[in-house]
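Listing of structure.cif, mmCIF, C-alpha atoms
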```
data_coords
#
loop_
_atom_site.label_atom_id
_atom_site.label_comp_id
_atom_site.auth_asym_id
_atom_site.auth_seq_id
_atom_site.Cartn_x
_atom_site.Cartn_y
_atom_site.Cartn_z
CA MET A 1 28.96 4.27 -5.90
CA PRO A 2 29.23 4.55 -9.72
CA GLU A 3 29.24 8.15 -10.91
CA ASN A 4 26.80 7.47 -13.75
CA VAL A 5 24.13 6.06 -11.44
CA ASN A 6 21.39 8.49 -10.45
CA VAL A 7 20.80 8.53 -6.67
CA LYS A 8 17.04 9.01 -7.07
CA THR A 9 16.85 6.00 -9.40
CA GLN A 10 18.71 3.93 -6.83
CA ARG A 11 16.40 4.84 -4.00
CA MET A 12 13.31 4.23 -6.10
CA ALA A 13 14.69 0.81 -7.02
CA ILE A 14 14.85 -0.38 -3.42
CA ILE A 15 11.38 1.05 -2.79
CA ASP A 16 10.04 -0.97 -5.72
CA TYR A 17 11.73 -4.09 -4.35
CA LEU A 18 9.97 -3.54 -1.03
CA LYS A 19 6.63 -2.91 -2.73
CA ALA A 20 7.03 -6.15 -4.68
CA PHE A 21 7.68 -8.07 -1.47
CA PHE A 22 4.76 -6.52 0.39
CA ILE A 23 2.22 -7.00 -2.40
CA VAL A 24 3.12 -10.71 -2.36
CA CYS A 25 2.47 -10.58 1.41
CA VAL A 26 -0.99 -9.14 0.68
CA ILE A 27 -1.71 -12.05 -1.69
CA LEU A 28 -0.51 -14.55 0.94
CA ASP A 29 -2.70 -12.90 3.57
CA HIS A 30 -5.82 -13.15 1.42
CA SER A 31 -5.10 -16.78 0.48
CA GLY A 32 -6.56 -17.74 3.86
CA VAL A 33 -4.17 -20.61 4.57
CA PHE A 34 -1.82 -18.98 7.09
CA ARG A 35 -2.46 -19.17 10.82
CA LYS A 36 -3.24 -15.73 12.22
CA ASP A 37 -1.15 -16.39 15.34
CA SER A 38 1.97 -17.63 13.54
CA ALA A 39 5.13 -15.52 13.72
CA PHE A 40 5.32 -15.33 9.92
CA PHE A 41 1.82 -13.88 9.74
CA LEU A 42 2.19 -11.50 12.70
CA PHE A 43 5.59 -10.05 11.84
CA VAL A 44 5.66 -10.28 8.05
CA ILE A 45 2.35 -10.85 6.25
CA GLN A 46 0.11 -8.52 8.23
CA MET A 47 2.75 -5.75 8.15
CA ALA A 48 2.26 -5.29 4.38
CA VAL A 49 -0.22 -2.39 4.41
CA PRO A 50 1.48 -0.48 7.28
CA CYS A 51 4.72 -0.74 5.30
CA PHE A 52 2.96 0.47 2.15
CA MET A 53 1.79 3.52 4.14
CA VAL A 54 5.32 4.30 5.33
CA LEU A 55 6.67 3.94 1.79
CA SER A 56 3.88 6.11 0.38
CA GLY A 57 4.70 8.86 2.86
CA TYR A 58 8.38 8.62 1.93
CA THR A 59 7.92 8.60 -1.85
CA PHE A 60 5.31 11.35 -1.96
CA ALA A 61 7.54 13.49 0.26
CA TYR A 62 10.44 12.73 -2.10
CA SER A 63 8.51 14.13 -5.05
CA ALA A 64 6.91 17.06 -3.17
CA GLY A 65 10.17 19.00 -3.27
CA GLY A 66 9.39 21.38 -0.40
CA GLY A 67 6.24 22.68 -2.01
CA SER A 68 3.89 25.02 -0.21
CA LEU A 69 0.43 23.88 0.87
CA SER A 70 -1.16 25.53 -2.18
CA GLU A 71 1.36 23.82 -4.48
CA LEU A 72 0.71 20.46 -2.86
CA TYR A 73 -3.02 20.96 -3.38
CA ASN A 74 -2.52 21.92 -7.02
CA ILE A 75 -5.75 20.95 -8.81
CA ARG A 76 -4.03 19.67 -11.92
CA LYS A 77 -1.62 17.43 -10.01
CA MET A 78 -4.32 16.23 -7.60
CA SER A 79 -6.66 15.41 -10.49
CA LYS A 80 -4.05 13.28 -12.24
CA ARG A 81 -3.33 11.37 -9.07
CA PHE A 82 -7.04 10.95 -8.44
CA LEU A 83 -7.46 9.40 -11.89
CA ARG A 84 -4.41 7.24 -11.37
CA PHE A 85 -6.08 5.60 -8.35
CA THR A 86 -9.68 5.72 -9.56
CA ILE A 87 -9.49 4.20 -13.05
CA PRO A 88 -7.95 0.85 -11.91
CA TYR A 89 -10.52 0.65 -9.10
CA CYS A 90 -13.47 1.28 -11.44
CA THR A 91 -12.04 -1.10 -14.04
CA CYS A 92 -11.75 -3.84 -11.41
CA TYR A 93 -15.31 -3.18 -10.19
CA VAL A 94 -16.82 -3.39 -13.69
CA LEU A 95 -14.75 -6.41 -14.71
CA LEU A 96 -15.75 -8.30 -11.56
CA PHE A 97 -19.40 -7.48 -12.22
CA ILE A 98 -19.11 -8.90 -15.75
CA LEU A 99 -17.38 -12.03 -14.47
CA MET A 100 -20.12 -12.59 -11.90
CA LEU A 101 -22.71 -12.45 -14.70
CA VAL A 102 -20.73 -14.72 -17.03
CA LEU A 103 -20.18 -17.28 -14.27
CA ASN A 104 -23.86 -17.13 -13.24
CA ARG A 105 -22.96 -16.21 -9.68
CA PRO A 106 -25.78 -14.93 -7.46
CA LEU A 107 -25.55 -11.15 -7.36
CA ASP A 108 -27.36 -8.68 -5.17
CA TYR A 109 -27.43 -5.62 -7.45
CA ARG A 110 -28.31 -3.15 -4.73
CA GLY A 111 -25.64 -4.60 -2.46
CA TYR A 112 -23.06 -4.53 -5.25
CA ILE A 113 -23.74 -0.84 -5.89
CA TYR A 114 -23.39 -0.21 -2.16
CA SER A 115 -20.10 -2.11 -2.16
CA PHE A 116 -18.65 0.34 -4.70
CA PHE A 117 -18.96 3.29 -2.32
CA PHE A 118 -17.83 1.38 0.77
CA ALA A 119 -15.14 -0.60 -1.10
CA SER A 120 -16.48 -3.90 0.21
CA PHE A 121 -16.74 -5.99 -2.96
CA GLY A 122 -13.52 -7.92 -2.46
CA LYS A 123 -10.33 -8.48 -0.47
CA GLY A 124 -8.26 -5.30 -0.58
CA ALA A 125 -10.91 -3.05 -2.15
CA TYR A 126 -10.66 -0.73 0.86
CA TYR A 127 -7.23 0.39 -0.39
CA PHE A 128 -8.85 2.72 -2.95
CA PRO A 129 -10.67 5.04 -0.51
CA ILE A 130 -7.60 4.93 1.73
CA MET A 131 -5.42 6.27 -1.11
CA ILE A 132 -7.95 8.92 -2.14
CA GLU A 133 -8.00 10.16 1.45
CA PHE A 134 -4.20 9.95 1.42
CA LEU A 135 -4.14 12.55 -1.36
CA VAL A 136 -6.18 14.88 0.85
CA VAL A 137 -4.28 14.49 4.13
CA PHE A 138 -0.73 14.17 2.76
CA PRO A 139 -0.13 17.91 2.18
CA ILE A 140 -1.16 18.69 5.77
CA LEU A 141 1.07 15.96 7.20
CA TYR A 142 3.90 17.08 4.92
CA ARG A 143 3.76 20.69 6.09
CA LEU A 144 3.55 19.60 9.75
CA ILE A 145 6.66 17.42 9.49
CA ASP A 146 8.50 19.91 7.28
CA GLY A 147 7.82 22.78 9.66
CA PHE A 148 8.00 21.11 13.07
CA ALA A 149 9.97 17.88 12.51
CA GLU A 150 9.76 15.72 15.68
CA LYS A 151 7.07 17.93 17.23
CA GLY A 152 4.97 17.50 14.09
CA LEU A 153 5.44 13.73 14.25
CA VAL A 154 4.34 13.67 17.89
CA LEU A 155 1.33 15.84 17.04
CA VAL A 156 0.27 13.43 14.29
CA ALA A 157 0.73 10.43 16.60
CA GLY A 158 -1.38 12.19 19.23
CA ALA A 159 -4.16 12.81 16.71
CA ASN A 160 -3.94 9.15 15.64
CA LEU A 161 -4.21 8.05 19.27
CA LEU A 162 -7.34 10.15 19.81
CA PHE A 163 -8.85 8.59 16.69
CA GLU A 164 -8.10 5.08 17.95
CA ILE A 165 -9.59 5.86 21.36
CA ALA A 166 -12.76 7.04 19.61
CA SER A 167 -12.77 4.08 17.21
CA PRO A 168 -15.30 2.00 19.21
CA LEU A 169 -17.88 4.59 18.19
CA ILE A 170 -17.13 4.00 14.50
CA PRO A 171 -18.67 1.00 12.68
CA ASP A 172 -16.06 -1.45 11.38
CA SER A 173 -17.38 -0.97 7.83
CA VAL A 174 -16.44 2.71 8.10
CA TYR A 175 -13.27 2.38 10.20
CA ARG A 176 -11.66 0.09 7.63
CA ILE A 177 -11.78 2.76 4.91
CA LEU A 178 -10.49 5.69 6.98
CA ILE A 179 -6.95 6.94 6.41
CA PHE A 180 -6.68 8.23 9.99
CA ARG A 181 -5.71 4.79 11.26
CA TYR A 182 -2.53 5.03 9.16
CA ILE A 183 -1.47 8.67 9.61
CA THR A 184 1.35 7.80 12.03
CA MET A 185 2.86 5.44 9.44
CA ILE A 186 2.52 8.06 6.70
CA ALA A 187 4.07 10.75 8.90
CA SER A 188 6.93 8.38 9.73
CA GLY A 189 7.68 7.97 6.02
CA ILE A 190 7.58 11.75 5.52
CA TYR A 191 9.89 12.26 8.49
CA MET A 192 12.37 9.73 7.05
CA ARG A 193 12.54 11.66 3.82
CA LEU A 194 12.52 15.24 5.09
CA CYS A 195 14.52 14.94 8.30
CA LEU A 196 16.59 11.77 8.31
CA SER A 197 17.57 11.73 4.62
CA ASP A 198 18.28 15.47 4.37
CA GLU A 199 21.95 16.11 5.15
CA THR A 200 21.27 19.83 5.73
CA ARG A 201 19.02 19.07 8.71
CA LYS A 202 21.45 16.61 10.26
CA LYS A 203 18.68 14.73 12.04
CA GLN A 204 19.52 11.31 13.39
CA ILE A 205 17.91 8.68 15.56
CA LYS A 206 20.35 6.69 17.66
CA LYS A 207 20.62 3.04 16.75
CA SER A 208 19.79 2.11 20.33
CA ALA A 209 16.55 4.12 20.06
CA GLN A 210 15.69 2.40 16.78
CA ILE A 211 16.28 -1.00 18.38
CA TRP A 212 14.04 -0.10 21.31
CA MET A 213 11.33 1.06 18.89
CA VAL A 214 11.46 -2.26 17.04
CA LEU A 215 11.39 -4.24 20.28
CA LEU A 216 8.42 -2.31 21.68
CA GLY A 217 6.54 -2.65 18.40
CA ALA A 218 7.40 -6.35 18.23
CA ALA A 219 6.18 -6.87 21.80
CA TYR A 220 2.82 -5.39 20.86
CA ILE A 221 2.55 -7.34 17.60
CA GLY A 222 3.90 -10.60 19.02
CA LEU A 223 1.51 -10.80 21.93
CA PRO A 224 -1.89 -11.24 20.23
CA LYS A 225 -3.53 -11.43 23.64
CA ILE A 226 -2.81 -7.72 24.09
CA HIS A 227 -4.65 -6.50 21.01
CA TYR A 228 -7.08 -9.35 20.35
CA THR A 229 -8.29 -10.05 23.90
CA TYR A 230 -7.75 -7.00 26.05
CA ARG A 231 -8.38 -4.70 23.09
CA ILE A 232 -6.25 -1.63 23.66
CA PHE A 233 -7.81 -0.31 20.48
CA THR A 234 -11.23 -1.91 20.16
CA THR A 235 -11.41 -2.53 16.43
CA SER A 236 -10.85 -5.50 14.16
CA TRP A 237 -7.44 -4.26 12.94
CA ASN A 238 -5.52 -3.88 16.19
CA GLY A 239 -2.58 -5.88 14.86
CA THR A 240 -1.89 -3.14 12.30
CA SER A 241 -2.79 -0.10 14.42
CA MET A 242 -0.54 2.92 14.97
CA VAL A 243 1.68 1.05 17.47
CA THR A 244 3.06 -1.07 14.63
CA ALA A 245 4.75 2.09 13.25
CA LEU A 246 7.33 1.53 16.00
CA PHE A 247 8.16 -1.83 14.46
CA VAL A 248 8.04 -1.18 10.71
CA SER A 249 9.46 2.37 10.45
CA PRO A 250 13.02 1.70 11.73
CA ILE A 251 13.24 -1.48 9.64
CA ILE A 252 12.19 0.28 6.45
CA TYR A 253 14.55 3.18 7.16
CA PHE A 254 17.43 0.72 7.64
CA LEU A 255 16.62 -1.01 4.35
CA LEU A 256 16.34 2.28 2.44
CA LYS A 257 19.73 3.41 3.74
CA LYS A 258 21.49 0.05 3.45
CA PHE A 259 20.43 -1.06 -0.03
CA GLU A 260 20.57 1.74 -2.58
CA GLN A 261 21.83 -0.18 -5.58
CA ALA A 262 20.13 0.32 -8.95
CA ALA A 263 18.40 -2.55 -10.74
CA ALA A 264 20.96 -4.11 -13.09
CA ARG A 265 20.27 -7.83 -13.57
CA TRP A 266 17.15 -8.99 -15.41
CA TRP A 267 15.59 -10.52 -12.29
CA GLU A 268 16.18 -7.28 -10.35
CA LYS A 269 14.40 -5.35 -13.06
CA LEU A 270 11.58 -7.90 -12.99
CA ILE A 271 11.16 -7.42 -9.23
CA GLN A 272 11.21 -3.67 -9.77
CA ARG A 273 8.42 -3.96 -12.36
CA ILE A 274 6.38 -6.03 -9.92
CA GLY A 275 6.81 -3.29 -7.33
CA GLN A 276 5.73 -0.64 -9.80
CA SER A 277 2.63 -2.74 -10.57
CA SER A 278 1.72 -3.28 -6.91
CA TYR A 279 -1.41 -1.09 -6.95
CA HIS A 280 -2.79 -2.94 -9.97
CA ILE A 281 -1.83 -6.32 -8.51
CA MET A 282 -3.98 -5.39 -5.52
CA TYR A 283 -7.01 -5.49 -7.83
CA THR A 284 -6.11 -8.57 -9.84
CA GLN A 285 -5.70 -10.55 -6.62
CA LEU A 286 -9.09 -9.20 -5.53
CA ILE A 287 -10.69 -10.56 -8.71
CA TRP A 288 -8.84 -13.88 -8.39
CA TYR A 289 -10.10 -14.48 -4.85
CA CYS A 290 -13.64 -13.42 -5.76
CA VAL A 291 -13.81 -15.78 -8.73
CA ILE A 292 -12.17 -18.79 -7.10
CA ASP A 293 -11.64 -19.72 -3.47
CA PHE A 294 -9.59 -22.46 -1.84
CA GLN A 295 -12.43 -24.99 -1.76
CA LYS A 296 -13.23 -24.55 -5.47
CA PHE A 297 -9.54 -24.75 -6.30
CA CYS A 298 -9.26 -28.05 -4.41
CA SER A 299 -12.13 -29.50 -6.41
CA PHE A 300 -10.17 -28.92 -9.63
CA MET A 301 -7.04 -30.66 -8.39
CA PRO A 302 -6.32 -34.32 -9.23
CA SER A 303 -6.30 -36.73 -6.31
CA ALA A 304 -2.55 -37.27 -6.70
CA ALA A 305 -1.93 -33.60 -5.79
CA VAL A 306 -4.09 -33.52 -2.66
CA GLY A 307 -1.07 -33.58 -0.33
CA SER A 308 0.43 -30.45 -1.87
CA VAL A 309 -2.78 -28.61 -2.74
CA THR A 310 -2.16 -25.78 -0.25
CA ALA A 311 1.26 -25.01 -1.69
CA ILE A 312 -0.12 -25.16 -5.23
CA TRP A 313 -3.00 -22.86 -4.25
CA VAL A 314 -0.64 -20.27 -2.77
CA ALA A 315 1.76 -20.46 -5.73
CA ALA A 316 -1.09 -20.18 -8.25
CA SER A 317 -2.56 -17.20 -6.39
CA VAL A 318 0.76 -15.36 -6.41
CA VAL A 319 1.66 -16.14 -10.02
CA VAL A 320 -1.77 -15.38 -11.50
CA SER A 321 -2.25 -12.21 -9.46
CA VAL A 322 1.23 -10.85 -10.19
CA LEU A 323 1.28 -11.61 -13.93
CA THR A 324 -2.22 -10.28 -14.61
CA GLY A 325 -1.48 -7.27 -12.39
CA MET A 326 1.59 -6.42 -14.44
CA VAL A 327 -0.42 -6.68 -17.66
CA PHE A 328 -3.09 -4.47 -16.08
CA PHE A 329 -0.44 -1.93 -15.06
CA TYR A 330 1.09 -1.68 -18.53
CA ALA A 331 -2.34 -1.48 -20.20
CA ASP A 332 -3.25 1.32 -17.79
CA ARG A 333 0.04 3.10 -18.50
CA VAL A 334 -0.51 2.95 -22.25
CA PHE A 335 -4.08 4.19 -21.80
CA PHE A 336 -2.90 7.18 -19.78
CA SER A 337 -0.07 8.04 -22.14
CA VAL A 338 -2.55 8.12 -25.05
CA LEU A 339 -4.98 10.11 -22.93
CA PHE A 340 -2.41 12.77 -22.10
CA ARG A 341 -0.86 12.82 -25.57
CA LYS A 342 -4.24 13.57 -27.12
CA LYS A 343 -4.76 16.34 -24.54
CA ILE A 344 -8.09 14.91 -23.42
CA PHE A 345 -7.62 15.98 -19.81
CA PHE A 346 -4.40 17.80 -19.06
CA GLY A 347 -2.59 18.20 -22.32
CA ARG A 348 0.75 16.67 -23.21
CA ASN A 349 2.14 15.37 -19.95
CA LYS A 350 4.22 12.26 -19.29
CA ALA A 351 4.28 12.58 -15.51
CA TYR A 352 2.00 9.60 -14.97
CA VAL A 353 4.26 7.35 -16.99
CA GLU A 354 7.67 8.64 -15.99
CA ASN A 355 7.33 10.00 -12.46
CA ARG A 356 5.35 7.40 -10.56
CA GLU A 357 5.68 8.04 -6.85
#
```
Translate this file's structure into structure tokens.
Amino acid sequence: MPENVNVKTQRMAIIDYLKAFFIVCVILDHSGVFRKDSAFFLFVIQMAVPCFMVLSGYTFAYSAGGGSLSELYNIRKMSKRFLRFTIPYCTCYVLLFILMLVLNRPLDYRGYIYSFFFASFGKGAYYFPIMIEFLVVFPILYRLIDGFAEKGLVLVAGANLLFEIASPLIPDSVYRILIFRYITMIASGIYMRLCLSDETRKKQIKKSAQIWMVLLGAAYIGLPKIHYTYRIFTTSWNGTSMVTALFVSPIIYFLLKKFEQAAARWWEKLIQRIGQSSYHIMYTQLIWYCVIDFQKFCSFMPSAAVGSVTAIWVAASVVVSVLTGMVFFYADRVFFSVLFRKKIFFGRNKAYVENRE
């Protein structure tokens, strides 16, 4: 390892690579052209959000630095993070409303207002309330894992299981925006950072145990009849329920430990920028799929391209969503840097720009 390469920068680079890959998976999922029972969908595409939850737990734990509960609930820090998630969401909501008016699309005003609070105005909108709730529950999960390690992880998984058992009592419109369905993934990411990556704790999970975890998780994911017919957890998102943490957590941990190189080549830096823009890409793909769907896209294509229209649709969705999302990210970053520099909210502070978890 080169002496002049910062270890934290390396680890954040691989995390950004993973985020870039998984946000593309989100775009592919919402394109609507992949079979829900295909291996590629089951084991790759639909694992995007669970993997994002594991990575969020890891990166937030990385930046927490062993803080106490009161430090983790610091109003100033929480407020900045709240704005960081809220402003892109509100911008997307307003921009989509304007586009609907410009395109003369039928719009139920009362329903659209309702959709703001229940994050139901587009594909992926639910991610905003999930991340706001994440800010609230993360300090508790962090202290549990920091103080009790494996016992804390088991306690979180038990709480998650009780939530899933009770989930039939919760309307799908509410269940989809609750962070509790992801707390096992988040706790797994925290455990990776605090226990497995800390040499002073000397915690390890045997490779054989990791393999068994992946196999058990894969058995659950790969047998749709289990979670779509017999309904172990009777909700619409059984394929990404807490059991999938067994599958994704060891794989992500392996990748974080195996690939710690820093971004050096131009294309590596480009992928890293895509990963850093993943939250904003979530909203640009939402707008893209609200404005144009597959059928409308087909109507614009020349007859000569009919045979390859699906591939063109997927490629266009990825390229447009990623490029506009990166522009959105940098515009948001400039806006925040000006906001902080002028001391409008929190005074001179470059944390939002330079220390993005």
Inset, instruction - Just say which residues the PyMOL selection byres ((chain A and resi 213-219) around 10) picks in this file, as a list in words. - result: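 Given this file, the PyMOL selection byres ((chain A and resi 213-219) around 10) evaluates to Leu42, Phe43, Lys207, Ser208, Ala209, Gln210, Ile211, Trp212, Tyr220, Ile221, Gly222, Leu223, Pro224, Ile226, Met242, Val243, Thr244, Ala245, Leu246, Phe247, Val248, Ser249, Pro250 and Ile251 of chain A.
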Inset, instruction - Go ahead and compute the interatomic distance for atom CA of A:Asn238 and atom CA of A:Glu164, in Å to one decimal. - result: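 Separation between atom CA of A:Asn238 and atom CA of A:Glu164: 9.5 Å.
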Give me the residues near stretch 120-128 of chain A as a short mmCIF file (atom, residue, chain, number, x, y, z; two decimals) with C-alpha atoms, in the frame of the given file, where near means some atom within 10 Å (using all atoms listed in the file) and where sequence neighbours in that chain fewer than 6 positions away do not count.
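Result file is result.cif:
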```
data_model
loop_
_atom_site.label_atom_id
_atom_site.label_comp_id
_atom_site.auth_asym_id
_atom_site.auth_seq_id
_atom_site.Cartn_x
_atom_site.Cartn_y
_atom_site.Cartn_z
CA VAL A 26 -0.99 -9.14 0.68
CA ILE A 27 -1.71 -12.05 -1.69
CA ASP A 29 -2.70 -12.90 3.57
CA HIS A 30 -5.82 -13.15 1.42
CA SER A 31 -5.10 -16.78 0.48
CA VAL A 49 -0.22 -2.39 4.41
CA PHE A 85 -6.08 5.60 -8.35
CA THR A 86 -9.68 5.72 -9.56
CA PRO A 88 -7.95 0.85 -11.91
CA TYR A 89 -10.52 0.65 -9.10
CA CYS A 90 -13.47 1.28 -11.44
CA CYS A 92 -11.75 -3.84 -11.41
CA TYR A 93 -15.31 -3.18 -10.19
CA LEU A 96 -15.75 -8.30 -11.56
CA PHE A 97 -19.40 -7.48 -12.22
CA GLY A 111 -25.64 -4.60 -2.46
CA TYR A 112 -23.06 -4.53 -5.25
CA ILE A 113 -23.74 -0.84 -5.89
CA TYR A 114 -23.39 -0.21 -2.16
CA PHE A 134 -4.20 9.95 1.42
CA SER A 173 -17.38 -0.97 7.83
CA VAL A 174 -16.44 2.71 8.10
CA ARG A 176 -11.66 0.09 7.63
CA ILE A 177 -11.78 2.76 4.91
CA LEU A 178 -10.49 5.69 6.98
CA ILE A 179 -6.95 6.94 6.41
CA TYR A 279 -1.41 -1.09 -6.95
CA MET A 282 -3.98 -5.39 -5.52
CA TYR A 283 -7.01 -5.49 -7.83
CA GLN A 285 -5.70 -10.55 -6.62
CA LEU A 286 -9.09 -9.20 -5.53
CA ILE A 287 -10.69 -10.56 -8.71
CA TRP A 288 -8.84 -13.88 -8.39
CA TYR A 289 -10.10 -14.48 -4.85
CA CYS A 290 -13.64 -13.42 -5.76
#
```
Can I get the residues of stretch 36-99 of chain A within 12 Å of stretch 142-150 of chain A, each with the closest pair of atoms and their distance in Å to one decimal, using only C-alpha atoms, sorted chain first then ascending number, as a tab-separated table?
```
residue	atom	partner	partner_atom	distance
A:Ser56	CA	A:Tyr142	CA	11.9
A:Gly57	CA	A:Tyr142	CA	8.5
A:Tyr58	CA	A:Tyr142	CA	10.0
A:Thr59	CA	A:Tyr142	CA	11.6
A:Phe60	CA	A:Tyr142	CA	9.1
A:Ala61	CA	A:Tyr142	CA	6.9
A:Tyr62	CA	A:Tyr142	CA	10.5
A:Ser63	CA	A:Tyr142	CA	11.4
A:Ala64	CA	A:Tyr142	CA	8.6
A:Gly65	CA	A:Tyr142	CA	10.5
A:Gly66	CA	A:Asp146	CA	7.9
A:Gly67	CA	A:Arg143	CA	8.7
A:Ser68	CA	A:Arg143	CA	7.6
A:Leu69	CA	A:Arg143	CA	7.0
A:Ser70	CA	A:Arg143	CA	10.8
A:Glu71	CA	A:Arg143	CA	11.3
A:Leu72	CA	A:Tyr142	CA	9.1
A:Tyr73	CA	A:Tyr142	CA	11.5
```
Inset, instruction - Please write as a PyMOL selection string the full residue list that the PyMOL selection byres ((chain A and resi 326-333) around 12) yields on this file. - result: chain A and resi 20+83-89+91-92+95+270-285+319-325+334-340+350-356
I'd like the neighbourhood of A:Cys51 as a PDB file with C-alpha atoms, in the coordinates of the input, where a residue qualifies if any of its atoms comes within 8 Å (using all atoms listed in the file), though same-chain residues fewer than 3 positions away should be ignored.
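Okay, result.pdb is ready:
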```pdb
ATOM      1  CA  PHE A  22       4.760  -6.520   0.390  1.00  0.00           C
ATOM      2  CA  MET A  47       2.750  -5.750   8.150  1.00  0.00           C
ATOM      3  CA  ALA A  48       2.260  -5.290   4.380  1.00  0.00           C
ATOM      4  CA  VAL A  54       5.320   4.300   5.330  1.00  0.00           C
ATOM      5  CA  LEU A  55       6.670   3.940   1.790  1.00  0.00           C
ATOM      6  CA  MET A 185       2.860   5.440   9.440  1.00  0.00           C
ATOM      7  CA  VAL A 248       8.040  -1.180  10.710  1.00  0.00           C
ATOM      8  CA  SER A 249       9.460   2.370  10.450  1.00  0.00           C
ATOM      9  CA  ILE A 252      12.190   0.280   6.450  1.00  0.00           C
TER      10      ILE A 252
END
```
Legend entry - Length of the atom CA of A:Pro139 to atom CA of A:Gln46 vector [Å]: 27.1 Å
Legend entry - Two-atom distance - atom CA of A:Pro171, atom CA of A:Arg35 (Å):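 The value is 25.9 Å.
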Legend entry - Residue among A:Ile132, A:Ala159, A:Glu268, A:Val291 lying closest to A:Leu101, counting all atoms listed in the file: A:Val291
Legend entry - Nearest to A:Phe118 by atom-to-atom distance, counting only C-alpha atoms, from A:Asp172, A:Asn104, A:Gly152, A:Ile23: A:Asp172
Legend entry - Answer key for the PyMOL selection byres ((chain A and resi 311) around 12), residues as a list in words: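 Given this file, the PyMOL selection byres ((chain A and resi 311) around 12) evaluates to Leu28, Ser31, Val33, Phe34, Phe294, Phe297, Cys298, Ala305, Val306, Gly307, Ser308, Val309, Thr310, Ile312, Trp313, Val314, Ala315, Ala316, Ser317 and Val318 of chain A.
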If the box runs along x, y and z of the file and leaves 3 Å on each side of stretch 251-260 of chain A, what are its centre and edge lengths in Å, one decimal, as lines of an AutoDock Vina configuration file?
```
center_x = 16.8
center_y = 1.0
center_z = 3.5
size_x = 15.3
size_y = 10.9
size_z = 18.2
```
